[in-house]
Structures are given as C-alpha cells and as structure tokens.
Amino acid sequence: MADETPLLDELEKGPWPSYVKEIKRAAKKNKASKDLLGIQELSYKDRITHWKHGGIVGVTGYGSGVIGRYCDSPEKFPDAAAFHTFRVNHPAGWFYSTKALRKICDIWEKYGSGMTNFHGSTGDIILLGAPTENLQPCFDTLTENGFDLGGSGSALRTISGCVGKARCEWANIDTLDIVRDFTSEFQDEIHRPRWPYKFKIKASGCPNDCVAAIARADFTIIGTWKDTLRIDQAAVKNYAENGFDVKGLVVDKCPTDALEWDEKTKTLTLRAEDCVRCMHCINKMTKAIRPGVDTGATILIGSKAPIIKGAYLSWVLIPFIKIEPPYNEIKELLRKIWDWWDENGRTRERLAELIERKGFKTFLREMGIPPVPQMIYKPRANPYVFF
Amino acid sequence: MADEVTGELKQKIIDYLKTVSKAKNKEVARDIGADKHVVDKAIAELSKEGVIEYVYLGASFIKLKGGE
C-alpha cells in the first residue's frame, strides 16, 4: 500500500468534514483501512474503479445482508482484497442507546475495518469492510447482541419510515409500529431473495414525506386524513397581528385555491373538498392549522430509480385506508402484489416496470382493486387514460 | 398437505440444482412442477441447513453450496 496519497489529500482541504481524514484515522488502527486509501488513490490515478461487485458472500441461512466487495488488485492491497459490506437492520426511527452504538462499534472493530456508514440510503447501519473469513463470526456476534441483517439483492429491502409519533406532531399514522411490525412479519422476504429484483416499503407519517417514500419505495405508505384541516382562528388572527402575511405566504400559495382569507375579520376558511393535503399551510402556520382527526394513509405504488426504465414517482393505489394493527389488509395486498410480480416479472424488472409493461388495468384486475380517479399517473393527467 | 415441505421436495430441488449452475426460485418451481410457495419455503429451509447458497449477479439466484 502506498503511504503517500497526494490525490486523496486534496479531499482533506476546505472547511467541510472529510471522509479521507476519517479513513486515515481508521488506518492508524486497521490495515484494511490503510489499503482502502491505497485503492482509492490508485483509482483516482487510473481514473477507473478498482472494485469488483457481487459474487458469493453470505452467512448461513441468509441470502441478504452481506454485499461482496473484492479489489481487482489483491496483490497490491492484500489487506483489503476482500472488503465486504454488512447491512444491519436499523431500529424503527433510527433510535439507539449509546450502549447499543458502542456495542456495534466494538463488534465492528473486532471483525471489520472499524468504518461505518450511518446510514445507507435505505436506512440500514452500514458496516464497511470485512474479510470473507470474518463474515460468519461477525454475523454470529451481531445476532447474539440483538442485531440482525437487513435486505440486499432481489429481496424485500429493510423497511424504513420517518420518526413519526415518537417526535413529530404531524404523524397521522404510527410509522414506527408499521416498520417494526412489517419487519417482523416479512423476515423471510428480507433475508431470502427470490424475486425478480428488489422491493422497498417506506412509510411517512404525513405528506411532508420526510423519508421521501413517494420517490424511493415500490410500496409507499403516506399518512393523511379523511376529514378537514383543523383551523384555530384565534391563532390565525395572532399570526396576522404579528405581521405574518397570511394571504401572500399561505392562501396565495395553496395549490388548489382551497383557502380564503378575510382581511377585515382576519379569518381563514377552507373549502375542504378542494384541499389536496399538501401540508403547505400547516407547515407555514404550525400553531394555527393541524391535520384532521380521521387519520389513515394513502397507499402509493411504483417509485424507483432508473435501471431498466427511467425514474418513477409512486402513484396512488388506494386513496385512503385506515392503518391499524395488525395491518392484515395491507399485508394481504403486499403478498398479492409480490405473487403477481414474481409470476410475471422479468429478471431485474421492478414492479412499476412490470405494471407499465402489462398495463395498470391488468394489475388492478389481478389485485381486485377498482379504478378510481385518484389513480393519476402524474399531475393533470387524465386518470382514465393510463399507461 | 399440499403446502408442506417434504424431504422428497427438497431432494427434487437439490437434484434440479445439480443440473444447472444457478437458478431463480420460480425457475426451480416451474421445472420440477411444484407449487412456488412450497418451493420458496423448501429453499429457505435448505438455505438454513447450509445446502444451498445465494449468488448475487445483478439479480439474486440460488445454487448448491460449493457448486460450480
């Protein structure tokens, strides 16, 4: 391994935290981290990656959770020749005790490079860089200490959701319970990949969608309400009297003109039938406007990043559904969707791509879901001319 | 029962995997003429027993452990 890394050193400059600095710190204690610096320096010099992807790595009984990483120049970097990644299933809402964090770091310093990534884009704890011979003992130690692996490959990926009712006043559904319950229910689907490709479930407590479920999940659950916004007129008046521009910043910005403002009486009124629950007014006047009380979720389907076809945003499958444990209705729907997708999908074809290929009406017929006007593919599209 | 994993089914899966380098679950089910749900369960059990392993090559496949 080269001790000098002039190209990487450039990334230590400037006011921002530098991952190079962190790897160098890890390299003082760990040979693999030292070789990691060398591999990246060489990649910068050669302008090509020196990592290979995939292959056969794993732990007994699991097909998911360990991602193989091999260097293509093992003779130059023997300590990072195999530098596999663990995906560890995060707890719902990403809440940890310091004791749990210390434990996982101790395990990882023993078996891996000591470097972590909190968190991966799906939400897992990412443990970066273990040699092949350490995979099984590391997994055994993780499970002995209450951790489990997350999803990878053609499996159900680790389910994630926003912090929900634990810390947020806008949560219309209990996202933490959904994540925990679904993770327990679908252990086999997470750990044993058998589908055409990956499948993601994410839950957001309100349409602010802090985990970007609408853009990142094949099956998107977004908390909403069926009745109307709750407006506290005294609080609205207070906003106005303190110089807040209710008309300019809230009423005029309502995407469906569902709000009216009476400047004389300082009264805000809502045409409930026009409200699309975008959260803008609530976000602007948090002390005066709240979601309704008849809460549930909208189920959307299909978002993904580009692979076979381009990026998709999720679109509405079920406009409103009550979300209550044990969530049997949603679980049954998921199983039905997986069966249809598994039966008809081509290798590496995501659900949205299959729906586009077979037609949304075919999908709805197979699911036994009646078409409704809310199932628009994109804003202002005719809901009845779909795909 | 039709949805029970039997030793015979597991053996059929093992025999099938001896004839291919890798396969998806649904290919196994189709080619041995068994119900996909039961095959999924059997493959999960075989995996826990260490008989088969998963391969990720763009998508996930299964193969006999230690096989070519």
# chains A, B, ... in the order shown; residues from 1 in each chain; ligands from 1
call {"tool": "select_by_dssp", "arguments": {"residues": "chain B", "states": "helix (DSSP H, G or I)", "output": "ChimeraX atom specification"}}
result
/B:7-17,25-32,36-48
call {"tool": "write_last_selection", "arguments": {"atoms": "N, CA and C atoms", "output": "tab-separated table (two decimals), in the first residue's frame"}}
result
chain	number	residue	atom	x	y	z
B	7	GLY	N	-39.32	-34.00	2.51
B	7	GLY	CA	-37.95	-34.40	2.18
B	7	GLY	C	-37.82	-34.70	0.70
B	8	GLU	N	-38.90	-35.24	0.15
B	8	GLU	CA	-38.88	-35.57	-1.29
B	8	GLU	C	-38.75	-34.31	-2.13
B	9	LEU	N	-39.49	-33.27	-1.72
B	9	LEU	CA	-39.41	-32.00	-2.47
B	9	LEU	C	-38.01	-31.42	-2.38
B	10	LYS	N	-37.45	-31.44	-1.19
B	10	LYS	CA	-36.10	-30.89	-1.02
B	10	LYS	C	-35.10	-31.64	-1.91
B	11	GLN	N	-35.25	-32.96	-1.96
B	11	GLN	CA	-34.34	-33.76	-2.79
B	11	GLN	C	-34.51	-33.41	-4.26
B	12	LYS	N	-35.79	-33.19	-4.66
B	12	LYS	CA	-36.03	-32.80	-6.06
B	12	LYS	C	-35.33	-31.49	-6.39
B	13	ILE	N	-35.38	-30.56	-5.43
B	13	ILE	CA	-34.74	-29.25	-5.64
B	13	ILE	C	-33.22	-29.43	-5.75
B	14	ILE	N	-32.68	-30.24	-4.86
B	14	ILE	CA	-31.23	-30.49	-4.89
B	14	ILE	C	-30.83	-31.14	-6.22
B	15	ASP	N	-31.61	-32.14	-6.64
B	15	ASP	CA	-31.32	-32.82	-7.91
B	15	ASP	C	-31.39	-31.84	-9.07
B	16	TYR	N	-32.37	-30.96	-9.02
B	16	TYR	CA	-32.51	-29.97	-10.11
B	16	TYR	C	-31.30	-29.04	-10.13
B	17	LEU	N	-30.88	-28.58	-8.93
B	17	LEU	CA	-29.77	-27.63	-8.88
B	17	LEU	C	-28.45	-28.28	-9.33
B	25	ASN	N	-35.85	-19.00	-7.85
B	25	ASN	CA	-36.84	-19.89	-7.21
B	25	ASN	C	-37.95	-20.30	-8.17
B	26	LYS	N	-38.43	-19.30	-8.93
B	26	LYS	CA	-39.58	-19.62	-9.78
B	26	LYS	C	-39.20	-20.57	-10.93
B	27	GLU	N	-37.94	-20.53	-11.33
B	27	GLU	CA	-37.49	-21.48	-12.36
B	27	GLU	C	-37.46	-22.89	-11.78
B	28	VAL	N	-37.01	-22.98	-10.53
B	28	VAL	CA	-36.98	-24.29	-9.86
B	28	VAL	C	-38.40	-24.84	-9.78
B	29	ALA	N	-39.33	-23.98	-9.31
B	29	ALA	CA	-40.72	-24.43	-9.15
B	29	ALA	C	-41.31	-24.88	-10.49
B	30	ARG	N	-41.05	-24.09	-11.51
B	30	ARG	CA	-41.60	-24.41	-12.83
B	30	ARG	C	-41.01	-25.73	-13.35
B	31	ASP	N	-39.71	-25.88	-13.23
B	31	ASP	CA	-39.07	-27.04	-13.84
B	31	ASP	C	-39.27	-28.34	-13.07
B	32	ILE	N	-39.53	-28.25	-11.77
B	32	ILE	CA	-39.82	-29.51	-11.06
B	32	ILE	C	-41.33	-29.71	-10.92
B	36	LYS	N	-45.01	-22.83	-6.26
B	36	LYS	CA	-43.94	-21.86	-5.96
B	36	LYS	C	-43.83	-21.56	-4.45
B	37	HIS	N	-44.95	-21.41	-3.78
B	37	HIS	CA	-44.92	-21.08	-2.35
B	37	HIS	C	-44.19	-22.17	-1.55
B	38	VAL	N	-44.46	-23.41	-1.89
B	38	VAL	CA	-43.83	-24.51	-1.16
B	38	VAL	C	-42.34	-24.58	-1.50
B	39	VAL	N	-42.05	-24.31	-2.77
B	39	VAL	CA	-40.64	-24.31	-3.19
B	39	VAL	C	-39.88	-23.21	-2.45
B	40	ASP	N	-40.51	-22.04	-2.34
B	40	ASP	CA	-39.88	-20.94	-1.58
B	40	ASP	C	-39.53	-21.39	-0.17
B	41	LYS	N	-40.50	-22.04	0.47
B	41	LYS	CA	-40.28	-22.50	1.85
B	41	LYS	C	-39.15	-23.53	1.91
B	42	ALA	N	-39.19	-24.45	0.96
B	42	ALA	CA	-38.17	-25.52	0.94
B	42	ALA	C	-36.78	-24.93	0.73
B	43	ILE	N	-36.70	-23.95	-0.16
B	43	ILE	CA	-35.40	-23.32	-0.43
B	43	ILE	C	-34.90	-22.57	0.79
B	44	ALA	N	-35.82	-21.91	1.51
B	44	ALA	CA	-35.43	-21.22	2.75
B	44	ALA	C	-34.86	-22.24	3.74
B	45	GLU	N	-35.52	-23.38	3.84
B	45	GLU	CA	-35.03	-24.41	4.77
B	45	GLU	C	-33.67	-24.95	4.33
B	46	LEU	N	-33.54	-25.20	3.03
B	46	LEU	CA	-32.26	-25.70	2.52
B	46	LEU	C	-31.13	-24.69	2.77
B	47	SER	N	-31.49	-23.43	2.68
B	47	SER	CA	-30.51	-22.38	2.94
B	47	SER	C	-30.08	-22.41	4.41
B	48	LYS	N	-31.07	-22.52	5.29
B	48	LYS	CA	-30.73	-22.57	6.73
B	48	LYS	C	-29.89	-23.80	7.05
call {"tool": "interface_residues", "arguments": {"of": "chain A", "to": "chain B", "cutoff": "9 Å", "atoms": "only C-alpha atoms", "output": "ChimeraX atom specification"}}
result
/A:53-64,67-68,153-155,188,192-198,342-343,347-348
call {"tool": "select_by_dssp", "arguments": {"residues": "chain B", "states": "strand (DSSP E or B)", "output": "number ranges by chain"}}
result
B: 23, 52-57, 59-64
call {"tool": "write_last_selection", "arguments": {"atoms": "C-alpha atoms", "output": "mmCIF file, in the first residue's frame"}}
result
data_model
loop_
_atom_site.group_PDB
_atom_site.id
_atom_site.type_symbol
_atom_site.label_atom_id
_atom_site.label_comp_id
_atom_site.auth_asym_id
_atom_site.auth_seq_id
_atom_site.Cartn_x
_atom_site.Cartn_y
_atom_site.Cartn_z
ATOM 1 C CA ALA B 23 -31.489 -20.642 -10.839
ATOM 2 C CA ILE B 52 -27.789 -24.048 -0.936
ATOM 3 C CA GLU B 53 -26.383 -20.558 -1.158
ATOM 4 C CA TYR B 54 -27.422 -17.309 -2.773
ATOM 5 C CA VAL B 55 -25.492 -15.662 -5.579
ATOM 6 C CA TYR B 56 -25.890 -12.031 -6.495
ATOM 7 C CA LEU B 57 -25.125 -11.402 -10.142
ATOM 8 C CA ALA B 59 -30.164 -10.245 -9.512
ATOM 9 C CA SER B 60 -30.209 -12.964 -6.878
ATOM 10 C CA PHE B 61 -30.011 -16.658 -7.731
ATOM 11 C CA ILE B 62 -29.576 -19.846 -5.755
ATOM 12 C CA LYS B 63 -27.094 -22.646 -6.258
ATOM 13 C CA LEU B 64 -25.849 -25.666 -4.428
#
call {"tool": "atom_distance", "arguments": {"atom1": "atom CA of A:Trp94", "atom2": "atom CA of A:Val20"}}
result
25.6 Å
call {"tool": "residues_around", "arguments": {"residues": "A:Trp170", "least_positions_apart": "5", "cutoff": "8 Å", "atoms": "only C-alpha atoms", "output": "PyMOL selection string"}}
result
chain A and resi 164-165+205-206+290-291
call {"tool": "atom_distance", "arguments": {"atom1": "atom CA of A:Thr141", "atom2": "atom CA of B:Gly67"}}
result
27.8 Å
call {"tool": "residues_around", "arguments": {"residues": "A:Gly345", "least_positions_apart": "5", "cutoff": "10 Å", "atoms": "only C-alpha atoms", "output": "list in words"}}
result
Trp195, Pro196, Tyr197, Trp338, Asp339, Trp340, Arg350, Leu351, Glu353, Leu354, Ile355, Arg357 and Lys358 of chain A
call {"tool": "atom_distance", "arguments": {"atom1": "atom CA of A:Lys29", "atom2": "atom CA of A:Cys105"}}
result
13.6 Å
call {"tool": "residues_around", "arguments": {"residues": "A:Phe139", "least_positions_apart": "3", "cutoff": "9 Å", "atoms": "only C-alpha atoms", "output": "ChimeraX atom specification"}}
result
/A:59,86,134-136,142-144,147-149
call {"tool": "write_last_selection", "arguments": {"atoms": "C-alpha atoms", "output": "compact mmCIF listing (two decimals), in the first residue's frame"}}
result
# COMPACT_ATOMS: atom_id res chain seq x y z
CA VAL A 59 -23.78 -16.16 6.12
CA PHE A 86 -22.71 -5.70 6.17
CA ASN A 134 -14.83 -12.88 9.39
CA LEU A 135 -18.34 -12.80 7.92
CA GLN A 136 -19.86 -15.71 9.81
CA LEU A 142 -24.18 -9.36 15.88
CA THR A 143 -27.15 -11.67 16.34
CA GLU A 144 -26.00 -12.67 19.84
CA PHE A 147 -28.86 -7.17 15.80
CA ASP A 148 -29.99 -8.70 12.54
CA LEU A 149 -29.08 -8.18 8.92
call {"tool": "closest_atom_pairs", "arguments": {"of": "stretch 233-270 of chain A", "to": "stretch 275-287 of chain A", "cutoff": "7 Å", "atoms": "only C-alpha atoms", "output": "JSON lines"}}
result
{"residue": "A:Ala235", "atom": "CA", "partner": "A:Lys287", "partner_atom": "CA", "distance": 6.5}
{"residue": "A:Val250", "atom": "CA", "partner": "A:Cys281", "partner_atom": "CA", "distance": 5.5}
{"residue": "A:Thr256", "atom": "CA", "partner": "A:Cys275", "partner_atom": "CA", "distance": 6.6}
{"residue": "A:Ala258", "atom": "CA", "partner": "A:Cys275", "partner_atom": "CA", "distance": 5.5}
call {"tool": "write_last_selection", "arguments": {"atoms": "C-alpha atoms", "output": "PDB file, in the first residue's frame"}}
result
ATOM      1  CA  ALA A 235     -54.135  31.530  16.434  1.00  0.00           C
ATOM      2  CA  VAL A 250     -50.321  30.751   2.716  1.00  0.00           C
ATOM      3  CA  THR A 256     -55.738  24.215  -5.308  1.00  0.00           C
ATOM      4  CA  ALA A 258     -58.777  25.841  -1.266  1.00  0.00           C
TER       5      ALA A 258
END
call {"tool": "decode", "arguments": {"residues": "stretch 71-105 of chain A", "atoms": "N, CA and C atoms", "output": "CSV table (one decimal), in the first residue's frame"}}
result
chain,number,residue,atom,x,y,z
A,71,CYS,N,-11.4,-6.3,-4.4
A,71,CYS,CA,-10.5,-5.4,-5.1
A,71,CYS,C,-9.9,-6.2,-6.3
A,72,ASP,N,-9.8,-5.5,-7.4
A,72,ASP,CA,-9.2,-6.2,-8.6
A,72,ASP,C,-7.7,-6.2,-8.6
A,73,SER,N,-7.1,-5.7,-7.6
A,73,SER,CA,-5.6,-5.7,-7.5
A,73,SER,C,-5.2,-6.3,-6.1
A,74,PRO,N,-5.6,-7.5,-5.8
A,74,PRO,CA,-5.3,-8.0,-4.4
A,74,PRO,C,-3.8,-8.1,-4.1
A,75,GLU,N,-3.0,-8.3,-5.2
A,75,GLU,CA,-1.6,-8.4,-4.9
A,75,GLU,C,-1.0,-7.1,-4.4
A,76,LYS,N,-1.6,-6.0,-4.8
A,76,LYS,CA,-1.1,-4.7,-4.3
A,76,LYS,C,-1.8,-4.3,-2.9
A,77,PHE,N,-3.0,-4.8,-2.7
A,77,PHE,CA,-3.7,-4.4,-1.5
A,77,PHE,C,-4.3,-5.7,-0.8
A,78,PRO,N,-3.4,-6.5,-0.2
A,78,PRO,CA,-3.8,-7.8,0.3
A,78,PRO,C,-4.7,-7.6,1.5
A,79,ASP,N,-4.6,-6.5,2.3
A,79,ASP,CA,-5.5,-6.4,3.5
A,79,ASP,C,-6.9,-5.9,3.1
A,80,ALA,N,-7.1,-5.4,1.9
A,80,ALA,CA,-8.4,-5.0,1.5
A,80,ALA,C,-8.9,-5.8,0.3
A,81,ALA,N,-8.2,-6.9,0.0
A,81,ALA,CA,-8.6,-7.7,-1.2
A,81,ALA,C,-10.1,-8.1,-1.1
A,82,ALA,N,-10.5,-8.5,0.0
A,82,ALA,CA,-12.0,-8.7,0.2
A,82,ALA,C,-12.4,-7.7,1.3
A,83,PHE,N,-13.3,-6.9,0.9
A,83,PHE,CA,-13.7,-5.8,1.8
A,83,PHE,C,-15.3,-5.7,1.8
A,84,HIS,N,-15.9,-6.7,2.4
A,84,HIS,CA,-17.3,-6.9,2.2
A,84,HIS,C,-18.1,-5.9,3.2
A,85,THR,N,-19.3,-5.7,2.7
A,85,THR,CA,-20.2,-4.8,3.5
A,85,THR,C,-21.3,-5.6,4.2
A,86,PHE,N,-21.5,-5.2,5.4
A,86,PHE,CA,-22.7,-5.7,6.2
A,86,PHE,C,-23.8,-4.6,6.1
A,87,ARG,N,-25.0,-5.1,5.9
A,87,ARG,CA,-26.2,-4.2,6.1
A,87,ARG,C,-26.9,-4.7,7.3
A,88,VAL,N,-26.9,-3.9,8.4
A,88,VAL,CA,-27.5,-4.3,9.6
A,88,VAL,C,-28.9,-3.5,9.7
A,89,ASN,N,-29.9,-4.3,10.0
A,89,ASN,CA,-31.3,-3.7,10.1
A,89,ASN,C,-31.3,-2.7,11.2
A,90,HIS,N,-31.7,-1.5,10.8
A,90,HIS,CA,-31.8,-0.4,11.8
A,90,HIS,C,-33.1,-0.5,12.6
A,91,PRO,N,-33.1,0.0,13.8
A,91,PRO,CA,-34.4,0.0,14.5
A,91,PRO,C,-35.3,1.1,13.9
A,92,ALA,N,-36.6,0.9,14.1
A,92,ALA,CA,-37.6,1.9,13.5
A,92,ALA,C,-37.3,3.3,14.1
A,93,GLY,N,-37.2,4.2,13.2
A,93,GLY,CA,-37.0,5.6,13.6
A,93,GLY,C,-35.5,5.9,13.9
A,94,TRP,N,-34.7,4.9,13.7
A,94,TRP,CA,-33.2,5.1,14.0
A,94,TRP,C,-32.9,5.6,15.4
A,95,PHE,N,-33.6,5.0,16.4
A,95,PHE,CA,-33.3,5.4,17.7
A,95,PHE,C,-32.4,4.4,18.3
A,96,TYR,N,-31.3,4.8,18.9
A,96,TYR,CA,-30.3,3.9,19.5
A,96,TYR,C,-29.9,4.4,20.9
A,97,SER,N,-29.6,3.5,21.8
A,97,SER,CA,-29.0,3.9,23.1
A,97,SER,C,-27.5,4.0,22.8
A,98,THR,N,-26.8,4.8,23.6
A,98,THR,CA,-25.3,4.9,23.4
A,98,THR,C,-24.7,3.5,23.6
A,99,LYS,N,-25.3,2.7,24.5
A,99,LYS,CA,-24.7,1.4,24.8
A,99,LYS,C,-24.8,0.5,23.5
A,100,ALA,N,-25.9,0.6,22.8
A,100,ALA,CA,-26.1,-0.2,21.5
A,100,ALA,C,-25.1,0.2,20.5
A,101,LEU,N,-24.9,1.6,20.4
A,101,LEU,CA,-23.9,2.0,19.4
A,101,LEU,C,-22.5,1.6,19.7
A,102,ARG,N,-22.2,1.7,21.0
A,102,ARG,CA,-20.8,1.2,21.4
A,102,ARG,C,-20.6,-0.2,21.1
A,103,LYS,N,-21.7,-1.0,21.4
A,103,LYS,CA,-21.6,-2.5,21.2
A,103,LYS,C,-21.3,-2.8,19.7
A,104,ILE,N,-22.1,-2.1,18.8
A,104,ILE,CA,-21.9,-2.4,17.4
A,104,ILE,C,-20.5,-1.9,16.9
A,105,CYS,N,-20.0,-0.8,17.5
A,105,CYS,CA,-18.7,-0.4,17.1
A,105,CYS,C,-17.6,-1.4,17.6
